[in-house]
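Colleague: The structure's right below; bear with me while I get my questions together.
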Amino acid sequence: MDWTQYLNPLMLGAWVTIELTIYSTVFGAILAFAAGIGKLAHNPLIKAISIGYIEIFRGTSLLVQLFWLYFALPVAGQAIGIDLRLPPVAAGVLALSLNIGAYGAEVVRGAIQSVSKEQYEAARALNFTPRQALWRVALPQAIPEMMPPFGNLAIQNLKDTALVSLISLSDLAFRAEQLRNFTQDSTTIYTLALLMYFGLALVLTAMMKLLERFVGRWRAGAR
Amino acid sequence: MSDEPIIKFDKVVKRFGDLTVLNELDFEVKKGEKVSIIGPSGSGKSTVLRILMTLEDINGGVVTVGGEPLWHEKGPDGSLAPASETHLRKMRTQLGMVFQQFNLFPHMTVLRNITEAPVQVLGLSKQEAKQRGEELLELVGLADQAQKYPHQLSGGQQQRVGIARALAMRPNILLFDEPTSALDPELVGEVLNVIGKLAEEHDLTMLLVTHEMRFAREVSDRVCFFDQGRIREEGAPEDLFTDPNEERTREFLQAVLDN
């Protein structure tokens, strides 16, 4: 079989990988902001929930989380009479988002804390509420700081999507494995898969760079 | 100038750990008065302003602004309880502050720095806030810089934006915390000019912590010399600067004026 014949099935898989990456990165970012801000909250309950979430998902294996959501959760649901069966895409996106969200939360927290005390004092002197100070003053300065580590997390997330092939989602890794079983042409197929992951990572890096420039367009040396 | 004090410190104590910064300070400012606070570093000068701006709470005594306790709330029986955030927010509307390090918002344009709080906090329309902001930029001589970001301005220009930003909230009392100390010497004049212009306004009460003795002498109705958390000496600038009563004041003035 000629290598070009592998391209079509691999492209189909790559598209699934792209979708998983986009969904889980976006949901993960939302979770990261919620938990990162939550960890800094004065309300002890919100703080405890945020810390609990961050520590649990940082401290356990992504693969086990994925299996748990896909295989264990429905069984647990059955025991209490609720249908908790998730379609593979949902389980995959959920596990990846929860994971990247936990790591991202620490990035969000760190970036918010790096905003200087003087900025909060200026906000207070102008009678902003603490919430306005967070959204209007601190976050716009913190977000550009978050972009490089977020970029790393997004790349990490792209590569982690390969794990979902283990719950029968036909992503790039799954398609590659399928083709290899069929043709035994390991070298060609896995080389192609590697190149595709690498290409996707390059595109993702470029996108994150553009985003970084956009959110930090007010900074010195930005233009 | 009315005789009613708009600011009153009654035996105010402020401690940072073991260090007593304000030691039962008694201090009064009348409405419309322009008061300069001078003194060696660590004498509690800036702390007075920071307490008034509610950036620093107090450990003892009572601070009154406009007749109402600042860090306390009066209960129904007249007893004083620590102030709630709501009370502090209400009290803060009377005050504005200009910081030593300007503390402009780096992610906002100059105009946005000035309009953001009037829109978000006072609820002005964007149009009104913009108009007010442009007038204030005119006043501080920066009408042509409205769309720039703070980092594109010189220190003196940034501090003038800082003044405009504080004025946009229409405070009765304006606090200047060493407004020219972070500036290169050649940029001090432009900032002092703006402050001098404001000092001509009768209604505005001004408190100025400064090391610019000549300027303090020009604009103030009264000068207070702070030492070790108390006012060591106060008086009209011509008296205090030319013929201080206290030896400590004399030493301090000699030291700074020799520079």
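In the structure tokens, chains take letters A, B, ... by order of appearance, with residues numbered from 1 within each chain and ligands from 1 in the order shown.
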Taking only C-alpha atoms into account, which residues of chain B are within 7 Å of chain A, as a PyMOL selection string?
Modeller: chain B and resi 53+55+89+92+96-97+103+105+107+117+121+149+151
Colleague: Next, dump the selected residues to file, keeping only C-alpha atoms, as a compact mmCIF listing (two decimals), in the first residue's frame.
Modeller:
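Dumped to part.txt:
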# COMPACT_ATOMS: atom_id res chain seq x y z
CA MET B 53 -8.05 56.51 51.82
CA LEU B 55 -6.00 51.47 52.52
CA ARG B 89 -17.48 52.51 50.23
CA ARG B 92 -14.56 56.76 50.18
CA GLY B 96 -9.30 60.84 46.19
CA MET B 97 -5.66 59.90 46.20
CA ASN B 103 -0.42 53.43 40.00
CA PHE B 105 -3.83 51.03 35.05
CA HIS B 107 -3.85 48.13 30.24
CA ALA B 117 -14.26 54.55 37.67
CA VAL B 121 -18.57 53.22 40.20
CA TYR B 149 -1.11 54.01 27.09
CA HIS B 151 3.93 53.41 29.40
Colleague: Within 12 Å of Leu137 (chain B), counting only C-alpha atoms, which residues qualify if same-chain residues fewer than 5 places away don't, as a PyMOL selection string?
Modeller: chain B and resi 110-115+130-132+142-147+157-168+194
Colleague: Write the selection just made, keeping N, CA and C atoms, as a CSV table (one decimal), in the first residue's frame?
Modeller:
chain,number,residue,atom,x,y,z
B,110,VAL,N,-5.0,56.4,28.5
B,110,VAL,CA,-5.0,57.5,29.4
B,110,VAL,C,-6.5,57.9,29.7
B,111,LEU,N,-7.3,58.1,28.6
B,111,LEU,CA,-8.6,58.5,28.8
B,111,LEU,C,-9.4,57.5,29.6
B,112,ARG,N,-9.2,56.2,29.3
B,112,ARG,CA,-9.9,55.1,29.9
B,112,ARG,C,-9.6,55.1,31.4
B,113,ASN,N,-8.3,55.3,31.7
B,113,ASN,CA,-7.9,55.4,33.1
B,113,ASN,C,-8.8,56.4,33.9
B,114,ILE,N,-9.1,57.5,33.2
B,114,ILE,CA,-9.9,58.5,33.9
B,114,ILE,C,-11.4,58.2,33.9
B,115,THR,N,-11.9,57.6,32.8
B,115,THR,CA,-13.3,57.4,32.7
B,115,THR,C,-13.8,56.1,33.4
B,130,LYS,N,-16.6,60.6,29.3
B,130,LYS,CA,-15.6,61.0,28.3
B,130,LYS,C,-15.4,62.5,28.3
B,131,GLN,N,-16.6,63.2,28.3
B,131,GLN,CA,-16.5,64.6,28.3
B,131,GLN,C,-15.8,65.1,29.6
B,132,ARG,N,-16.1,64.6,30.7
B,132,ARG,CA,-15.4,65.0,32.0
B,132,ARG,C,-14.0,64.7,31.9
B,142,LEU,N,-2.9,67.6,29.1
B,142,LEU,CA,-2.6,66.4,28.3
B,142,LEU,C,-3.7,66.0,27.3
B,143,ALA,N,-4.4,67.0,26.8
B,143,ALA,CA,-5.5,66.7,26.0
B,143,ALA,C,-5.1,65.9,24.7
B,144,ASP,N,-3.9,66.1,24.3
B,144,ASP,CA,-3.4,65.4,23.1
B,144,ASP,C,-2.9,63.9,23.3
B,145,GLN,N,-2.9,63.5,24.6
B,145,GLN,CA,-2.4,62.2,24.9
B,145,GLN,C,-3.5,61.2,25.3
B,146,ALA,N,-4.7,61.5,25.1
B,146,ALA,CA,-5.9,60.7,25.6
B,146,ALA,C,-5.8,59.2,25.1
B,147,GLN,N,-5.4,59.0,23.9
B,147,GLN,CA,-5.4,57.6,23.4
B,147,GLN,C,-4.1,56.8,23.6
B,157,GLN,N,4.1,63.2,33.0
B,157,GLN,CA,2.8,63.1,32.4
B,157,GLN,C,1.9,62.0,33.0
B,158,GLN,N,2.5,60.9,33.4
B,158,GLN,CA,1.7,59.9,34.1
B,158,GLN,C,1.1,60.4,35.4
B,159,GLN,N,1.9,61.1,36.1
B,159,GLN,CA,1.4,61.6,37.4
B,159,GLN,C,0.3,62.6,37.2
B,160,ARG,N,0.4,63.4,36.1
B,160,ARG,CA,-0.7,64.3,35.8
B,160,ARG,C,-2.0,63.6,35.4
B,161,VAL,N,-1.8,62.4,34.8
B,161,VAL,CA,-3.0,61.6,34.5
B,161,VAL,C,-3.5,61.1,35.9
B,162,GLY,N,-2.6,60.7,36.8
B,162,GLY,CA,-3.0,60.2,38.1
B,162,GLY,C,-3.9,61.3,38.8
B,163,ILE,N,-3.5,62.5,38.7
B,163,ILE,CA,-4.3,63.6,39.3
B,163,ILE,C,-5.6,63.7,38.6
B,164,ALA,N,-5.7,63.7,37.3
B,164,ALA,CA,-6.9,63.8,36.6
B,164,ALA,C,-7.8,62.6,37.0
B,165,ARG,N,-7.3,61.4,37.1
B,165,ARG,CA,-8.0,60.2,37.4
B,165,ARG,C,-8.7,60.4,38.8
B,166,ALA,N,-7.9,60.9,39.8
B,166,ALA,CA,-8.5,61.1,41.1
B,166,ALA,C,-9.6,62.2,41.1
B,167,LEU,N,-9.4,63.3,40.3
B,167,LEU,CA,-10.4,64.4,40.2
B,167,LEU,C,-11.7,63.9,39.5
B,168,ALA,N,-11.6,63.0,38.7
B,168,ALA,CA,-12.8,62.5,37.9
B,168,ALA,C,-13.8,62.0,38.8
B,194,VAL,N,0.4,71.7,38.2
B,194,VAL,CA,-1.0,71.3,38.2
B,194,VAL,C,-1.5,71.3,39.7
Colleague: For Cys224 (chain B), find every residue with an atom within 12 Å (counting only C-alpha atoms), except residues of its own chain fewer than 4 positions away, and show them as a PyMOL selection string.
Modeller: chain B and resi 26-29+34-40+43-45+48+207-210+213+216-217+220+229-237+239-241+244+249
Colleague: Please list as a ChimeraX atom specification every residue within 10 Å of His87 (chain B), counting only C-alpha atoms and excluding residues in the same chain fewer than 4 positions away.
Modeller: /B:69-73,82-83,91-92
Colleague: Report, in Å with one decimal, the straight-line distance from CA of Ile143 (chain A) to CA of Ile54 (chain A).
Modeller: 19.4 Å
Colleague: Among region 30-235 of chain B, which residues carry a DSSP assignment of strand (DSSP E or B), reported as JSON, numbers by chain?
Modeller: {"B": [30, 34, 35, 36, 37, 38, 60, 61, 62, 63, 64, 65, 68, 69, 72, 73, 74, 80, 81, 82, 95, 96, 97, 98, 173, 174, 175, 176, 177, 205, 206, 207, 208, 209, 222, 223, 224, 225, 226, 227, 230, 231, 232, 233, 234, 235]}
Colleague: Report, in Å to a single decimal, how far apart CA of Ile46 (chain A) and CA of Ala34 (chain A) are.
Modeller: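 Computed distance, CA of Ala34 (chain A) to CA of Ile46 (chain A), equals 9.9 Å.
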Colleague: With distances taken over only C-alpha atoms, which residue among B:Leu204, B:Leu19, B:Val140, B:Leu153 lies nearest Leu192 (chain B)?
Modeller: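 The answer is B:Val140, which sits nearest to Leu192 (chain B).
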Colleague: Excluding region 90-105 of chain A and residues on its chain fewer than 5 positions from it, collect all residues at most 9 Å away from it, counting only C-alpha atoms, and give them as a PyMOL selection string.
Modeller: chain A and resi 20-21+23-39+50+53-58+62-63+65-67+69-70+85+110+146+149-150+153-154+156-157+160-161+163-164+167+169
Colleague: Contacts of Val16 (chain A) at 8 Å or less, counting only C-alpha atoms, minus same-chain residues fewer than 5 places along, as a list in words?
Modeller: Ser170, Asp171 and Leu172 of chain A
Colleague: Select from region 7-206 of chain A everything DSSP, run on the backbone, classes as alpha helix (DSSP H), then give the selection as a PyMOL selection string.
Modeller: chain A and resi 7-39+44-58+62-67+73-79+88-113+117-125+130-132+139-160+172-183+186-206
Colleague: I want to know what sits within 12 Å of Asp185 (chain A), based on only C-alpha atoms, with residues of the same chain fewer than 6 positions away left out; could you give that as a PyMOL selection string?
Modeller: chain A and resi 1-3+6+176-179+191-192
Colleague: In Å, rounded to a single decimal, give me how far CA of Leu253 (chain B) is from CA of Glu238 (chain B).
Modeller: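 Interatomic distance here is 13.0 Å.
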